[in-house]
Amino acid sequence: MIALIDYGAGNTASVANVLKDLNTDYIITQKESEICKSDKIIFPGVGEASYAIKKLNLYNLINLLRVIKKPFLGICLGMQLMCERSEEGNVNCLGVFPTYCKKFEGDDIKIPHMGWNKVEFSEGSKLFDGIPNGQHFYFAHSYYVPVNVNTSSICNHGVDFTASMQKDNYYGVQFHPEKSGEYGINIIRNFLEKC
């Protein structure tokens, strides 16, 4: 059973549709007891960081999400919230990854970064198993995570930034696999089957 965390993120239904298409049992929940009973967790995200943290506090999920040992996948804002801090709303986040999230800057790039972009990943990342390097995935974000020790793939939008991260049982992707066609579906399938 997959726990799809519901804290008002805009892409929850889209991720649920992919899980349905993959014949995967899932529950959409914000209840600690149901998350703890699940086999794996998906943490979606479209929205604003400080509002999302307020919602997670409201549901008393912050401490649980920081320490849970089950395979955990954060998507877009979900990945950003796994950092220590975000400039979006100047808010402290979960602190799973010892890095931060900052706003894109520059007159020569479009903000938000939206559309299909090439992703280069490192060898051995389970999420990208069976996916040719350099594939394009769909992004929609104004804030990014700088390249850091936990970065497992990189994209460029005026600057190289983290397209995915991995640490222990925690995985994060900045792009939207649920909107990225066949290879995006493969990312979710790899999380379900190999992580």
# chains A, B, ... in the order shown; residues from 1 in each chain; ligands from 1

$ select_by_dssp --residues "stretch 76-117 of chain A" --states "strand (DSSP E or B)" --output "PyMOL selection string"
chain A and resi 83-86+91-92+97-103+113-117

$ write_last_selection --atoms "C-alpha atoms" --output "PDB file, in the first residue's frame"
ATOM      1  CA  CYS A  83      15.523  20.487   2.477  1.00  0.00           C
ATOM      2  CA  GLU A  84      16.506  22.377   5.635  1.00  0.00           C
ATOM      3  CA  ARG A  85      15.110  25.706   4.488  1.00  0.00           C
ATOM      4  CA  SER A  86      13.362  27.443   1.595  1.00  0.00           C
ATOM      5  CA  VAL A  91      10.577  28.910   6.071  1.00  0.00           C
ATOM      6  CA  ASN A  92      12.300  26.040   7.883  1.00  0.00           C
ATOM      7  CA  PHE A  97      18.619  16.888   3.057  1.00  0.00           C
ATOM      8  CA  PRO A  98      21.286  19.268   4.447  1.00  0.00           C
ATOM      9  CA  THR A  99      20.728  21.908   1.771  1.00  0.00           C
ATOM     10  CA  TYR A 100      18.357  24.751   0.978  1.00  0.00           C
ATOM     11  CA  CYS A 101      15.984  25.948  -1.727  1.00  0.00           C
ATOM     12  CA  LYS A 102      16.487  29.307  -3.455  1.00  0.00           C
ATOM     13  CA  LYS A 103      14.752  31.444  -6.081  1.00  0.00           C
ATOM     14  CA  HIS A 113      11.006  27.536 -15.204  1.00  0.00           C
ATOM     15  CA  MET A 114       8.289  25.663 -17.097  1.00  0.00           C
ATOM     16  CA  GLY A 115       8.459  22.992 -19.745  1.00  0.00           C
ATOM     17  CA  TRP A 116      10.509  20.033 -20.854  1.00  0.00           C
ATOM     18  CA  ASN A 117      14.221  19.988 -20.000  1.00  0.00           C
TER      19      ASN A 117
END

$ residues_around --residues "stretch 164-171 of chain A" --least-positions-apart "3" --cutoff "8 Å" --atoms "only C-alpha atoms" --output "short mmCIF file (atom, residue, chain, number, x, y, z; two decimals) with N, CA and C atoms, in the first residue's frame"
data_model
loop_
_atom_site.label_atom_id
_atom_site.label_comp_id
_atom_site.auth_asym_id
_atom_site.auth_seq_id
_atom_site.Cartn_x
_atom_site.Cartn_y
_atom_site.Cartn_z
N LYS A 69 11.28 5.57 8.12
CA LYS A 69 12.30 4.72 7.49
C LYS A 69 11.80 4.01 6.23
N LYS A 70 10.58 4.27 5.83
CA LYS A 70 10.02 3.66 4.62
C LYS A 70 10.51 4.42 3.39
N PRO A 71 10.55 3.76 2.22
CA PRO A 71 10.90 4.48 0.99
C PRO A 71 9.95 5.67 0.79
N PHE A 72 10.54 6.82 0.47
CA PHE A 72 9.83 8.09 0.50
C PHE A 72 10.22 8.88 -0.75
N LEU A 73 9.23 9.28 -1.56
CA LEU A 73 9.49 10.03 -2.79
C LEU A 73 8.80 11.38 -2.72
N GLY A 74 9.59 12.46 -2.75
CA GLY A 74 9.06 13.81 -2.83
C GLY A 74 9.09 14.31 -4.25
N MET A 79 9.93 17.65 -2.94
CA MET A 79 11.38 17.52 -2.79
C MET A 79 11.95 18.74 -2.09
N VAL A 96 15.56 16.88 5.92
CA VAL A 96 16.07 15.55 5.56
C VAL A 96 17.39 15.69 4.79
N PHE A 97 17.42 16.62 3.84
CA PHE A 97 18.62 16.89 3.06
C PHE A 97 19.28 18.15 3.59
N ASN A 150 24.01 15.21 -2.20
CA ASN A 150 22.96 14.22 -2.39
C ASN A 150 22.31 14.27 -3.77
N THR A 151 22.78 15.16 -4.64
CA THR A 151 22.23 15.29 -5.99
C THR A 151 22.47 14.02 -6.78
N SER A 152 21.42 13.50 -7.41
CA SER A 152 21.57 12.30 -8.25
C SER A 152 21.32 12.59 -9.72
N SER A 153 20.77 13.77 -10.04
CA SER A 153 20.67 14.22 -11.43
C SER A 153 20.63 15.73 -11.47
N ILE A 154 21.01 16.26 -12.65
CA ILE A 154 21.17 17.70 -12.81
C ILE A 154 20.40 18.16 -14.05
N GLN A 174 12.68 17.08 -8.74
CA GLN A 174 12.16 18.43 -8.95
C GLN A 174 11.13 18.46 -10.07
N CYS A 195 12.89 0.67 -5.08
CA CYS A 195 13.41 1.50 -3.98
C CYS A 195 12.91 0.97 -2.62
#

$ closest_residue --among "A:Leu22, A:Ile62, A:Ala49, A:Cys93" --to "A:Ile5" --atoms "only C-alpha atoms"
A:Ile62

$ residues_around --residues "A:Glu32" --least-positions-apart "3" --cutoff "10 Å" --atoms "only C-alpha atoms" --output "ChimeraX atom specification"
/A:5,29,35-37,59-61,64-65

$ write_last_selection --atoms "C-alpha atoms" --output "tab-separated table (two decimals), in the first residue's frame"
chain	number	residue	atom	x	y	z
A	5	ILE	CA	0.23	12.42	1.42
A	29	THR	CA	-4.18	10.55	3.50
A	35	ILE	CA	1.16	6.64	6.73
A	36	CYS	CA	2.86	4.40	9.29
A	37	LYS	CA	0.94	1.34	8.02
A	59	TYR	CA	-1.70	17.63	10.48
A	60	ASN	CA	1.18	16.96	12.95
A	61	LEU	CA	3.25	15.32	10.21
A	64	LEU	CA	7.05	11.78	11.34
A	65	LEU	CA	8.20	12.73	7.84

$ atom_distance --atom1 "atom CA of A:Ser50" --atom2 "atom CA of A:Met82"
12.7 Å

$ closest_residue --among "A:Lys126, A:His136, A:Lys118, A:His141" --to "A:Phe104" --atoms "only C-alpha atoms"
A:His141

$ residues_around --residues "A:Leu4" --least-positions-apart "2" --cutoff "6 Å" --atoms "only C-alpha atoms" --output "ChimeraX atom specification"
/A:27-28,42

$ atom_distance --atom1 "atom CA of A:Val46" --atom2 "atom CA of A:Phe191"
19.8 Å

$ residues_around --residues "stretch 181-183 of chain A" --least-positions-apart "4" --cutoff "8 Å" --atoms "only C-alpha atoms" --output "PyMOL selection string"
chain A and resi 131+135+137+177+187

$ residues_around --residues "A:Asp25" --least-positions-apart "6" --cutoff "12 Å" --atoms "only C-alpha atoms" --output "PyMOL selection string"
chain A and resi 1-4+16-19+38-41+192
